[in-house]
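Raw contents of data33.cif, mmCIF, C-alpha atoms and all ligand atoms:
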```
data_model
#
loop_
_atom_site.label_atom_id
_atom_site.label_comp_id
_atom_site.auth_asym_id
_atom_site.auth_seq_id
_atom_site.Cartn_x
_atom_site.Cartn_y
_atom_site.Cartn_z
CA VAL A 1 0.00 0.00 0.00
CA GLU A 2 1.62 3.30 -1.05
CA ALA A 3 1.79 5.90 1.70
CA THR A 4 0.72 9.41 0.58
CA PRO A 5 3.13 12.11 1.78
CA ALA A 6 1.56 14.29 4.49
CA THR A 7 1.81 17.34 2.22
CA HIS A 8 -0.42 15.80 -0.48
CA PRO A 9 -4.12 16.88 -0.48
CA ASP A 10 -5.15 13.25 -0.05
CA ALA A 11 -2.92 12.84 3.01
CA GLY A 12 -4.28 10.21 5.34
CA THR A 13 -6.26 8.35 2.69
CA SER A 14 -4.84 5.21 1.12
CA HIS A 15 -5.53 4.82 -2.57
CA ALA A 16 -4.74 1.16 -2.86
CA GLN A 17 -6.33 -1.64 -0.87
CA PRO A 18 -3.80 -3.69 1.17
CA ASN A 19 -2.01 -6.21 -1.09
CA ALA A 20 -3.85 -4.95 -4.19
CA GLN A 21 -1.85 -5.00 -7.44
CA SER A 22 -1.12 -1.28 -7.97
CA GLY A 23 0.49 -1.58 -11.39
CA PHE A 24 2.57 1.54 -10.79
CA VAL A 25 6.21 1.53 -11.88
CA LYS A 26 8.48 1.89 -8.87
CA VAL A 27 12.24 2.28 -8.46
CA GLU A 28 14.11 -0.30 -6.42
CA GLY A 29 17.83 0.44 -6.46
CA THR A 30 18.90 0.57 -10.09
CA ARG A 31 15.80 -1.29 -11.29
CA PHE A 32 12.19 -0.53 -12.10
CA THR A 33 9.59 -2.85 -10.64
CA ILE A 34 5.85 -3.31 -11.04
CA ASP A 35 4.19 -5.02 -8.06
CA GLY A 36 7.58 -6.36 -6.97
CA LYS A 37 8.61 -7.80 -10.37
CA PRO A 38 11.45 -6.30 -12.46
CA TYR A 39 10.16 -4.01 -15.25
CA ARG A 40 12.33 -3.52 -18.34
CA PHE A 41 11.08 -2.34 -21.69
CA ALA A 42 11.63 -1.83 -25.41
CA GLY A 43 9.72 1.35 -26.09
CA ALA A 44 9.14 4.03 -28.69
CA ASN A 45 8.85 7.76 -28.94
CA PHE A 46 5.30 8.64 -29.93
CA TRP A 47 5.46 12.40 -29.42
CA TYR A 48 2.09 13.04 -31.15
CA GLY A 49 0.12 10.36 -29.25
CA ALA A 50 -2.15 12.91 -27.55
CA TYR A 51 -2.66 14.68 -30.89
CA LEU A 52 -3.84 11.43 -32.49
CA GLY A 53 -6.19 10.95 -29.53
CA ALA A 54 -7.92 14.28 -30.10
CA ALA A 55 -11.21 14.51 -32.01
CA ASP A 56 -12.61 17.34 -34.16
CA GLY A 57 -10.34 16.70 -37.13
CA ILE A 58 -7.14 17.19 -35.12
CA GLY A 59 -6.64 13.53 -34.29
CA ASP A 60 -7.31 10.17 -35.81
CA ARG A 61 -8.60 7.80 -33.17
CA GLU A 62 -8.96 4.86 -35.57
CA ARG A 63 -5.28 5.26 -36.51
CA LEU A 64 -4.35 5.57 -32.82
CA ARG A 65 -6.08 2.33 -31.85
CA ALA A 66 -4.73 0.42 -34.87
CA GLU A 67 -1.15 1.58 -34.25
CA LEU A 68 -1.24 0.93 -30.51
CA ASP A 69 -2.30 -2.62 -31.44
CA GLN A 70 0.61 -2.85 -33.91
CA LEU A 71 3.10 -1.58 -31.32
CA LYS A 72 1.78 -3.87 -28.59
CA ALA A 73 1.92 -6.87 -30.95
CA ALA A 74 5.59 -6.05 -31.57
CA GLY A 75 6.22 -6.00 -27.80
CA ILE A 76 6.70 -2.21 -27.80
CA ASP A 77 4.79 -1.28 -24.66
CA ASN A 78 6.37 1.91 -23.30
CA LEU A 79 5.63 5.17 -25.14
CA ARG A 80 7.23 8.59 -24.57
CA VAL A 81 4.69 11.32 -25.37
CA LEU A 82 4.50 15.14 -25.51
CA ALA A 83 1.94 16.18 -22.85
CA MET A 84 2.13 19.99 -23.15
CA SER A 85 2.71 22.38 -26.06
CA GLU A 86 2.50 26.17 -26.17
CA ALA A 87 0.98 28.44 -28.82
CA SER A 88 3.81 30.34 -30.51
CA ALA A 89 4.80 32.14 -33.69
CA PHE A 90 7.58 29.62 -34.39
CA GLN A 91 7.18 28.67 -38.04
CA ARG A 92 8.02 25.03 -37.33
CA ALA A 93 5.89 24.44 -34.21
CA VAL A 94 3.12 21.87 -34.02
CA ARG A 95 -0.42 23.26 -34.24
CA PRO A 96 -2.80 23.42 -32.48
CA ALA A 97 -1.10 23.91 -29.11
CA ILE A 98 -2.36 22.45 -25.85
CA MET A 99 -1.76 25.78 -24.07
CA THR A 100 -3.32 28.54 -26.16
CA ALA A 101 -2.19 31.36 -23.84
CA PRO A 102 -0.76 31.48 -20.31
CA GLY A 103 -3.21 29.57 -18.13
CA GLU A 104 -5.58 28.76 -21.02
CA TYR A 105 -5.82 25.25 -22.47
CA ASP A 106 -7.48 23.64 -25.48
CA GLU A 107 -9.82 21.07 -23.91
CA ARG A 108 -9.88 19.15 -27.21
CA MET A 109 -6.17 18.47 -26.80
CA LEU A 110 -6.45 17.44 -23.15
CA GLN A 111 -9.22 15.07 -24.21
CA GLY A 112 -6.70 13.70 -26.70
CA LEU A 113 -4.41 12.86 -23.80
CA ASP A 114 -7.38 11.29 -21.96
CA THR A 115 -8.05 9.08 -25.00
CA LEU A 116 -4.41 8.11 -25.38
CA LEU A 117 -4.09 7.10 -21.72
CA VAL A 118 -7.32 5.07 -21.80
CA GLU A 119 -6.28 3.25 -24.99
CA MET A 120 -2.77 2.60 -23.62
CA GLY A 121 -4.21 1.38 -20.31
CA LYS A 122 -6.43 -1.11 -22.18
CA ARG A 123 -3.26 -2.53 -23.74
CA ASP A 124 -1.24 -2.58 -20.51
CA MET A 125 1.23 -0.03 -21.90
CA LYS A 126 3.17 2.56 -19.88
CA ALA A 127 3.45 6.27 -20.72
CA VAL A 128 6.32 8.68 -20.09
CA LEU A 129 4.83 12.18 -20.41
CA TYR A 130 7.00 15.27 -20.92
CA LEU A 131 5.64 18.62 -19.77
CA ASN A 132 7.79 21.08 -21.73
CA ASN A 133 10.36 21.27 -24.50
CA PHE A 134 13.76 22.94 -24.72
CA TRP A 135 13.23 23.15 -28.50
CA GLN A 136 10.89 25.26 -30.64
CA TRP A 137 8.74 22.53 -32.27
CA SER A 138 6.09 22.64 -29.56
CA GLY A 139 6.56 26.28 -28.45
CA GLY A 140 8.48 25.26 -25.39
CA MET A 141 10.69 27.15 -22.97
CA SER A 142 11.47 29.93 -25.41
CA GLN A 143 7.76 30.73 -25.66
CA TYR A 144 7.53 30.89 -21.86
CA VAL A 145 10.42 33.40 -21.91
CA ALA A 146 8.56 35.48 -24.51
CA TRP A 147 5.40 35.43 -22.37
CA ALA A 148 7.36 36.29 -19.22
CA THR A 149 9.44 39.12 -20.69
CA GLY A 150 7.32 40.46 -23.55
CA GLU A 151 10.42 40.13 -25.73
CA PRO A 152 9.94 38.81 -29.29
CA LEU A 153 10.86 35.21 -30.15
CA SER A 154 14.06 34.45 -32.01
CA ASP A 155 13.04 31.69 -34.45
CA PRO A 156 16.06 29.43 -35.14
CA ASP A 157 14.38 28.11 -38.30
CA LYS A 158 14.55 31.69 -39.62
CA THR A 159 17.80 32.94 -38.05
CA GLY A 160 19.85 29.72 -38.03
CA ASP A 161 21.22 31.03 -34.72
CA TRP A 162 20.92 27.88 -32.59
CA ASN A 163 23.30 29.07 -29.89
CA GLY A 164 21.28 32.26 -29.43
CA PHE A 165 18.09 30.20 -29.35
CA MET A 166 19.50 27.83 -26.71
CA GLN A 167 20.63 30.70 -24.51
CA HIS A 168 17.19 32.32 -24.89
CA SER A 169 15.43 29.08 -23.93
CA ALA A 170 17.72 28.61 -20.92
CA ARG A 171 16.56 31.95 -19.45
CA PHE A 172 13.37 30.03 -18.64
CA TYR A 173 14.93 28.40 -15.57
CA ALA A 174 15.42 31.65 -13.65
CA LEU A 175 12.33 33.66 -14.69
CA PRO A 176 9.69 33.50 -11.87
CA LYS A 177 6.84 34.50 -14.23
CA ALA A 178 7.82 31.78 -16.72
CA GLN A 179 7.95 29.24 -13.88
CA ALA A 180 4.51 30.33 -12.63
CA ILE A 181 2.96 29.74 -16.07
CA TYR A 182 4.77 26.37 -16.31
CA ARG A 183 3.60 25.26 -12.89
CA ASP A 184 0.04 26.06 -13.86
CA ALA A 185 0.54 23.81 -16.89
CA ILE A 186 1.98 21.07 -14.65
CA ARG A 187 -1.01 21.28 -12.30
CA THR A 188 -3.44 21.32 -15.23
CA VAL A 189 -2.09 18.06 -16.64
CA ILE A 190 -1.04 16.17 -13.52
CA GLY A 191 -4.10 17.31 -11.58
CA ARG A 192 -6.46 16.21 -14.36
CA THR A 193 -9.13 13.56 -14.06
CA ASN A 194 -9.50 11.52 -17.21
CA GLY A 195 -12.78 12.62 -18.81
CA ILE A 196 -13.35 9.14 -20.25
CA SER A 197 -12.37 6.82 -17.39
CA GLY A 198 -13.01 9.16 -14.46
CA VAL A 199 -9.59 8.16 -13.09
CA ALA A 200 -7.35 10.90 -11.75
CA TYR A 201 -4.08 10.99 -13.72
CA VAL A 202 -2.15 10.64 -10.44
CA ASP A 203 -4.04 7.42 -9.73
CA ASP A 204 -3.50 5.93 -13.19
CA PRO A 205 -0.69 3.33 -13.31
CA THR A 206 -0.54 3.81 -17.10
CA VAL A 207 1.53 6.90 -16.32
CA MET A 208 4.99 5.61 -15.44
CA SER A 209 6.76 8.93 -15.28
CA TRP A 210 6.44 12.70 -15.60
CA GLN A 211 9.36 14.31 -17.42
CA LEU A 212 10.25 17.95 -16.74
CA ALA A 213 10.84 18.63 -20.43
CA ASN A 214 12.15 17.22 -23.69
CA GLU A 215 15.95 17.59 -23.77
CA PRO A 216 16.35 20.42 -21.18
CA ARG A 217 19.85 21.88 -21.58
CA PRO A 218 21.58 24.47 -19.32
CA GLY A 219 22.14 26.57 -22.47
CA SER A 220 24.54 26.61 -25.39
CA GLN A 221 27.93 24.90 -25.37
CA ASP A 222 29.70 28.18 -24.56
CA GLY A 223 27.02 29.98 -22.54
CA GLY A 224 25.44 27.12 -20.63
CA ARG A 225 27.95 26.87 -17.79
CA ALA A 226 26.79 30.23 -16.39
CA ASN A 227 23.26 28.78 -16.02
CA ILE A 228 24.25 25.61 -14.17
CA ALA A 229 23.14 26.76 -10.70
CA ALA A 230 19.72 27.93 -11.98
CA TYR A 231 19.36 24.75 -14.08
CA ASP A 232 20.17 22.41 -11.18
CA ARG A 233 17.86 24.33 -8.84
CA TRP A 234 15.06 24.21 -11.43
CA ILE A 235 15.42 20.43 -11.77
CA ASP A 236 15.41 19.83 -8.02
CA GLU A 237 12.49 22.17 -7.26
CA THR A 238 10.32 21.20 -10.22
CA ALA A 239 10.88 17.49 -9.64
CA GLY A 240 9.99 18.01 -5.98
CA TYR A 241 6.82 19.84 -6.96
CA ILE A 242 5.78 17.00 -9.28
CA LYS A 243 6.58 14.41 -6.59
CA GLU A 244 4.17 16.21 -4.25
CA LEU A 245 1.42 16.25 -6.88
CA ALA A 246 2.01 12.66 -8.07
CA PRO A 247 3.65 10.63 -5.27
CA ARG A 248 2.75 7.27 -6.89
CA GLN A 249 4.48 8.03 -10.21
CA LEU A 250 8.11 8.62 -11.16
CA VAL A 251 9.91 11.80 -12.16
CA SER A 252 12.72 12.18 -14.70
CA THR A 253 14.24 15.18 -16.43
CA GLY A 254 14.23 14.24 -20.15
CA SER A 255 17.96 14.98 -20.41
CA GLU A 256 20.16 13.77 -23.29
CA GLY A 257 23.00 12.98 -20.87
CA ALA A 258 26.48 14.51 -21.27
CA MET A 259 25.74 15.85 -24.78
CA GLY A 260 22.79 17.75 -23.31
CA SER A 261 24.92 18.99 -20.40
CA ILE A 262 27.47 21.04 -22.37
CA GLY A 263 29.45 17.86 -22.98
CA ASP A 264 30.18 17.29 -19.30
CA LEU A 265 29.08 13.98 -17.76
CA ASP A 266 29.82 15.27 -14.26
CA LEU A 267 27.43 18.21 -14.78
CA PHE A 268 24.80 15.73 -15.98
CA LEU A 269 25.25 13.66 -12.82
CA GLN A 270 25.30 16.69 -10.53
CA ALA A 271 21.98 17.84 -12.02
CA HIS A 272 20.45 14.42 -11.39
CA LYS A 273 21.56 13.70 -7.86
CA SER A 274 18.40 15.32 -6.42
CA ALA A 275 16.35 12.76 -4.48
CA ASN A 276 13.33 14.09 -6.38
CA VAL A 277 14.70 12.66 -9.63
CA ASP A 278 13.88 8.96 -9.63
CA TYR A 279 15.89 7.82 -12.66
CA LEU A 280 18.25 9.12 -15.30
CA THR A 281 17.65 9.50 -19.01
CA PHE A 282 20.03 9.92 -21.92
CA HIS A 283 19.66 10.19 -25.69
CA LEU A 284 21.87 9.10 -28.59
CA TRP A 285 22.03 11.09 -31.83
CA PRO A 286 25.14 10.15 -33.85
CA SER A 287 24.15 12.10 -37.00
CA ASN A 288 22.89 15.17 -35.10
CA TRP A 289 26.14 15.13 -33.09
CA SER A 290 28.27 14.66 -36.24
CA TRP A 291 29.59 11.26 -35.26
CA MET A 292 27.92 10.01 -38.46
CA ASP A 293 26.57 11.67 -41.62
CA HIS A 294 22.95 12.66 -42.14
CA LYS A 295 23.36 12.27 -45.89
CA ASP A 296 25.15 8.91 -45.75
CA PRO A 297 24.81 7.02 -42.46
CA ALA A 298 26.81 4.12 -43.93
CA ALA A 299 29.89 6.31 -44.45
CA ARG A 300 31.10 6.42 -40.83
CA LEU A 301 28.83 3.72 -39.47
CA GLU A 302 31.50 1.64 -37.74
CA SER A 303 33.32 4.58 -36.10
CA GLY A 304 29.99 6.20 -35.22
CA LEU A 305 28.79 2.98 -33.67
CA LYS A 306 31.97 2.69 -31.61
CA THR A 307 31.50 6.21 -30.24
CA SER A 308 27.80 5.50 -29.65
CA LEU A 309 28.50 2.32 -27.68
CA GLU A 310 31.11 4.13 -25.57
CA TYR A 311 28.51 6.86 -24.85
CA ILE A 312 26.03 4.19 -23.78
CA ASP A 313 28.52 2.42 -21.51
CA ARG A 314 29.65 5.65 -19.83
CA HIS A 315 26.08 6.58 -18.94
CA ILE A 316 25.10 3.13 -17.70
CA ASP A 317 28.26 2.98 -15.57
CA ALA A 318 27.55 6.44 -14.13
CA ALA A 319 23.95 5.55 -13.30
CA GLY A 320 25.17 2.42 -11.54
CA LYS A 321 27.53 4.51 -9.41
CA MET A 322 24.68 6.92 -8.59
CA GLY A 323 22.41 3.99 -7.75
CA LYS A 324 19.53 5.03 -10.04
CA PRO A 325 18.05 3.29 -13.11
CA ILE A 326 18.78 4.85 -16.50
CA VAL A 327 16.77 4.79 -19.74
CA LEU A 328 17.98 5.44 -23.28
CA SER A 329 14.93 7.61 -24.01
CA GLU A 330 15.77 8.55 -27.59
CA PHE A 331 18.02 7.18 -30.30
CA GLY A 332 17.76 7.15 -34.08
CA LEU A 333 19.58 7.19 -37.38
CA ASN A 334 18.84 8.41 -40.90
CA ARG A 335 17.60 6.23 -43.76
CA ASP A 336 20.16 5.06 -46.33
CA GLY A 337 21.58 7.90 -48.38
CA GLY A 338 19.82 10.37 -46.08
CA SER A 339 16.53 9.73 -47.89
CA PHE A 340 13.15 10.76 -46.39
CA ASP A 341 11.26 8.36 -48.68
CA PRO A 342 9.52 5.55 -46.76
CA ALA A 343 10.38 3.28 -49.71
CA SER A 344 14.13 3.91 -49.27
CA GLY A 345 16.53 1.47 -47.61
CA VAL A 346 17.41 1.30 -43.90
CA ILE A 347 20.42 -1.00 -43.94
CA ALA A 348 22.61 1.31 -41.84
CA ARG A 349 19.71 2.07 -39.47
CA ASP A 350 18.94 -1.64 -38.89
CA ARG A 351 22.61 -2.36 -38.19
CA PHE A 352 22.71 0.61 -35.78
CA HIS A 353 19.54 -0.42 -33.91
CA ARG A 354 20.69 -4.05 -33.68
CA ALA A 355 24.09 -3.03 -32.26
CA ILE A 356 22.52 -0.64 -29.73
CA TYR A 357 20.00 -3.23 -28.59
CA GLU A 358 22.72 -5.88 -28.30
CA ARG A 359 24.69 -3.62 -25.95
CA LEU A 360 21.60 -2.73 -23.87
CA LEU A 361 20.69 -6.42 -23.52
CA GLN A 362 24.25 -7.34 -22.54
CA ARG A 363 24.20 -4.69 -19.82
CA MET A 364 20.73 -5.76 -18.63
CA GLN A 365 21.90 -9.38 -18.47
CA ALA A 366 24.86 -8.21 -16.38
CA GLY A 367 22.40 -6.63 -13.92
CA ASP A 368 23.53 -3.08 -14.76
CA ALA A 369 21.45 0.08 -14.32
CA ILE A 370 19.99 0.19 -17.86
CA ALA A 371 16.24 -0.43 -17.58
CA GLY A 372 14.86 0.28 -21.04
CA SER A 373 14.90 2.33 -24.22
CA ASN A 374 12.59 4.28 -26.53
CA PHE A 375 13.63 4.55 -30.20
CA TRP A 376 12.93 7.82 -32.03
CA ALA A 377 10.34 7.58 -33.44
CA TRP A 378 7.23 5.70 -34.41
CA GLY A 379 5.82 7.09 -37.67
CA GLY A 380 3.17 4.45 -38.31
CA ARG A 381 1.03 5.17 -41.33
CA GLY A 382 1.87 8.90 -41.29
CA ARG A 383 3.10 10.09 -44.67
CA THR A 384 3.72 13.51 -46.18
CA THR A 385 2.64 14.45 -49.69
CA ASN A 386 4.49 17.79 -49.57
CA SER A 387 7.31 18.18 -52.07
CA ASP A 388 9.47 19.84 -49.40
CA PHE A 389 8.74 16.95 -46.94
CA MET A 390 7.85 19.56 -44.28
CA TRP A 391 4.79 19.21 -42.03
CA LYS A 392 1.93 21.70 -42.32
CA ALA A 393 -0.96 22.15 -39.88
CA GLY A 394 -3.60 19.52 -40.65
CA ASP A 395 -1.12 17.08 -42.22
CA PRO A 396 -0.85 13.53 -40.85
CA PHE A 397 1.61 13.20 -37.97
CA THR A 398 4.83 11.20 -38.34
CA GLY A 399 7.68 10.42 -35.93
CA ASP A 400 9.35 13.63 -37.07
CA PRO A 401 8.06 16.80 -35.42
CA PRO A 402 7.36 19.84 -37.63
CA GLN A 403 10.91 21.21 -37.50
CA GLU A 404 12.29 18.23 -39.37
CA ALA A 405 11.65 16.55 -42.71
CA GLN A 406 8.85 14.01 -42.48
CA GLY A 407 10.85 10.83 -42.87
CA LEU A 408 14.14 11.98 -41.38
CA PHE A 409 14.05 9.56 -38.45
CA SER A 410 10.52 8.09 -38.56
CA LEU A 411 10.10 4.33 -38.32
CA PHE A 412 7.11 3.85 -40.59
CA ASP A 413 4.67 0.94 -40.43
CA SER A 414 6.19 -0.21 -43.76
CA ASP A 415 9.69 -0.48 -42.23
CA ALA A 416 9.22 -4.18 -41.47
CA SER A 417 12.95 -4.98 -41.09
CA THR A 418 13.48 -2.34 -38.42
CA LEU A 419 10.27 -3.22 -36.63
CA GLN A 420 11.56 -6.81 -36.55
CA VAL A 421 14.83 -5.64 -34.96
CA VAL A 422 12.85 -3.83 -32.26
CA SER A 423 10.47 -6.74 -31.77
CA ASP A 424 13.37 -9.21 -31.43
CA HIS A 425 14.85 -6.97 -28.74
CA ALA A 426 11.51 -6.76 -26.93
CA LYS A 427 11.26 -10.57 -26.94
CA ALA A 428 14.81 -10.90 -25.60
CA ILE A 429 14.04 -8.46 -22.79
CA HIS A 430 10.85 -10.24 -21.82
CA ALA A 431 12.82 -13.53 -21.75
CA LEU A 432 15.38 -12.16 -19.27
CA GLU A 433 15.58 -13.79 -15.88
CA PRO A 434 13.74 -11.69 -13.31
O1 LIG B 501 14.00 15.49 -28.81
C1 LIG B 501 14.48 15.46 -29.95
N1 LIG B 501 15.67 14.88 -30.18
C2 LIG B 501 16.18 14.61 -31.48
C3 LIG B 501 15.06 14.55 -32.48
C4 LIG B 501 15.62 14.25 -33.87
O2 LIG B 501 16.52 15.23 -34.27
C5 LIG B 501 14.30 15.87 -32.44
O3 LIG B 501 13.24 15.87 -33.38
C6 LIG B 501 13.72 16.11 -31.05
O4 LIG B 501 13.73 17.48 -30.76
#
```

What would you get if you wrote out this structure as structure tokens?
Ligand SMILES: O=C1NC[C@H](CO)[C@@H](O)[C@@H]1O
Amino acid sequence: VEATPATHPDAGTSHAQPNAQSGFVKVEGTRFTIDGKPYRFAGANFWYGAYLGAADGIGDRERLRAELDQLKAAGIDNLRVLAMSEASAFQRAVRPAIMTAPGEYDERMLQGLDTLLVEMGKRDMKAVLYLNNFWQWSGGMSQYVAWATGEPLSDPDKTGDWNGFMQHSARFYALPKAQAIYRDAIRTVIGRTNGISGVAYVDDPTVMSWQLANEPRPGSQDGGRANIAAYDRWIDETAGYIKELAPRQLVSTGSEGAMGSIGDLDLFLQAHKSANVDYLTFHLWPSNWSWMDHKDPAARLESGLKTSLEYIDRHIDAAGKMGKPIVLSEFGLNRDGGSFDPASGVIARDRFHRAIYERLLQRMQAGDAIAGSNFWAWGGRGRTTNSDFMWKAGDPFTGDPPQEAQGLFSLFDSDASTLQVVSDHAKAIHALEP
């Protein structure tokens, strides 16, 4: 029976009956457990899951149900999903937004999240929900800064100034007005009762974890170090706030690991030592990080793989020392020749996924801190018909958010070979000794 911290509004009441199966994911040392049994997973990024769950022409509930069935059948039963987006003037941001203005929310979108959680719960899937974004494709921290300061947005898709954009986003951590708007968004989502099931989100074991944001960074490579104190404080305080609201669910940051911590693994660990952070996350982007080539992933595949596997081992080792589980919450590679065409080859990508999964399984078998992964990203039946391959409002969703070509990293429902690689990994995980 989970105790409810005295500070929680429900203090003194016990949600679960004695000895009932709660179904919530818990942390025990460097492992996840569900009702006392080890929980490990082969998951996917499904950033638009709540969008598909919405009605009124925004979503596609038939597609959602069909693709959740397809994922479940492949053994992919942990989905990482965007749970808050902010209305902005960014040219490459998803529309509509969940938050239409500070403190105002589009109920159609929140009903989309209700639908997603109900459909995932029916299939015994677990959701990792992120509540903000360091990047522009869902509005994100930069939009909060614009709301808090009245200053205009600097759109990196227009200026190409990514360092300036990252420094602007990172101002979010130390702006009280931005934090107040964000906390209202946190309360709105976490404090919600599912309009379909009548179950409070905090009492729904489908929700494994609340993530502070997608890929929160302290700032740019050169400017970020000055923000470290504000960044660490933001993580500790926000994670503590979420723990109070949702004591039965886990909290993680959404970090990329060292590459999202101005290249410094020690800074990553320092930011994650807070007792309010239940587990660590890291991401792996060899072509974004120039370890491999967007236009030809086969060109430096072997050297890129070597660097990737070293990055994986360093983070698993560090999590083990810290005594917390770690999840590889994003990883992906381009299609052969850098194509966006769903009919193009994925030989390099399949080799990459197989090698990553082999290393994760080896480390799981050794009892190390790695507890699961989510590839980036499920594209399902989403396809673009636009000659520039860029998403426009009203287009079908794919695994690639609006700031990237539709097909850059998506794993489409027609990518049978890659789906098989993922499914084989899922089977191997489920066959592991408890
Ligand atoms: O969170 C993310 N990480 C990498 C993805 C692919 O570039 C990107 O689309 C997303 O912002």

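Separating atom CA of Gly380 of chain A from atom CA of Arg335 of chain A is a distance of 15.5 Å.
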
Any chance you could tabulate, as a tab-separated table, the residues of chain A at most 9 Å from ligand LIG 501 (chain B) with each one's nearest atom pair and distance in Å to one decimal, using all atoms listed in the file, in chain and rising number order?
```
residue	atom	partner	partner_atom	distance
A:Asn133	CA	B:LIG501	O4	8.1
A:Phe134	CA	B:LIG501	O4	8.1
A:Trp135	CA	B:LIG501	O4	6.1
A:Gln136	CA	B:LIG501	O4	8.3
A:Trp137	CA	B:LIG501	O4	7.3
A:Asn214	CA	B:LIG501	O1	5.7
A:Glu215	CA	B:LIG501	O1	5.8
A:Gly254	CA	B:LIG501	O1	8.8
A:Glu256	CA	B:LIG501	N1	8.3
A:His283	CA	B:LIG501	N1	7.6
A:Leu284	CA	B:LIG501	C2	8.4
A:Trp285	CA	B:LIG501	C2	6.8
A:Ser287	CA	B:LIG501	O2	8.7
A:Asn288	CA	B:LIG501	O2	6.4
A:Glu330	CA	B:LIG501	N1	6.8
A:Phe331	CA	B:LIG501	C2	7.7
A:Gly332	CA	B:LIG501	C4	7.4
A:Leu333	CA	B:LIG501	C4	8.8
A:Trp376	CA	B:LIG501	C3	7.1
A:Ala377	CA	B:LIG501	C3	8.5
A:Gly399	CA	B:LIG501	O3	8.2
A:Asp400	CA	B:LIG501	O3	5.8
A:Pro401	CA	B:LIG501	O3	5.6
A:Pro402	CA	B:LIG501	O3	8.3
A:Gln403	CA	B:LIG501	O3	7.1
A:Glu404	CA	B:LIG501	O3	6.5
A:Leu408	CA	B:LIG501	C4	8.0
A:Phe409	CA	B:LIG501	C4	6.7
```

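Here atom CA of Leu153 of chain A and atom CA of Met166 of chain A stand 11.9 Å from one another.
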
Can you tell me which residues surround Ala170 of chain A at a distance of at most 10 Å, considering only C-alpha atoms, apart from same-chain residues fewer than 5 positions away, and format the answer as an mmCIF file with C-alpha atoms, in the frame of the given file?
```cif
data_model
loop_
_atom_site.group_PDB
_atom_site.id
_atom_site.type_symbol
_atom_site.label_atom_id
_atom_site.label_comp_id
_atom_site.auth_asym_id
_atom_site.auth_seq_id
_atom_site.Cartn_x
_atom_site.Cartn_y
_atom_site.Cartn_z
ATOM 1 C CA PHE A 134 13.760 22.940 -24.720
ATOM 2 C CA MET A 141 10.690 27.150 -22.970
ATOM 3 C CA SER A 142 11.470 29.930 -25.410
ATOM 4 C CA VAL A 145 10.420 33.400 -21.910
ATOM 5 C CA GLY A 164 21.280 32.260 -29.430
ATOM 6 C CA PHE A 165 18.090 30.200 -29.350
ATOM 7 C CA LEU A 175 12.330 33.660 -14.690
ATOM 8 C CA PRO A 216 16.350 20.420 -21.180
ATOM 9 C CA ARG A 217 19.850 21.880 -21.580
ATOM 10 C CA PRO A 218 21.580 24.470 -19.320
ATOM 11 C CA GLY A 219 22.140 26.570 -22.470
ATOM 12 C CA SER A 220 24.540 26.610 -25.390
ATOM 13 C CA GLY A 223 27.020 29.980 -22.540
ATOM 14 C CA GLY A 224 25.440 27.120 -20.630
ATOM 15 C CA ASN A 227 23.260 28.780 -16.020
ATOM 16 C CA ILE A 228 24.250 25.610 -14.170
ATOM 17 C CA ALA A 230 19.720 27.930 -11.980
ATOM 18 C CA TYR A 231 19.360 24.750 -14.080
#
```

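Nearest residue to Ile356 of chain A, choosing from A:Ala148, A:Val277, A:Leu309, A:Ala127 and counting all atoms listed in the file: A:Leu309.
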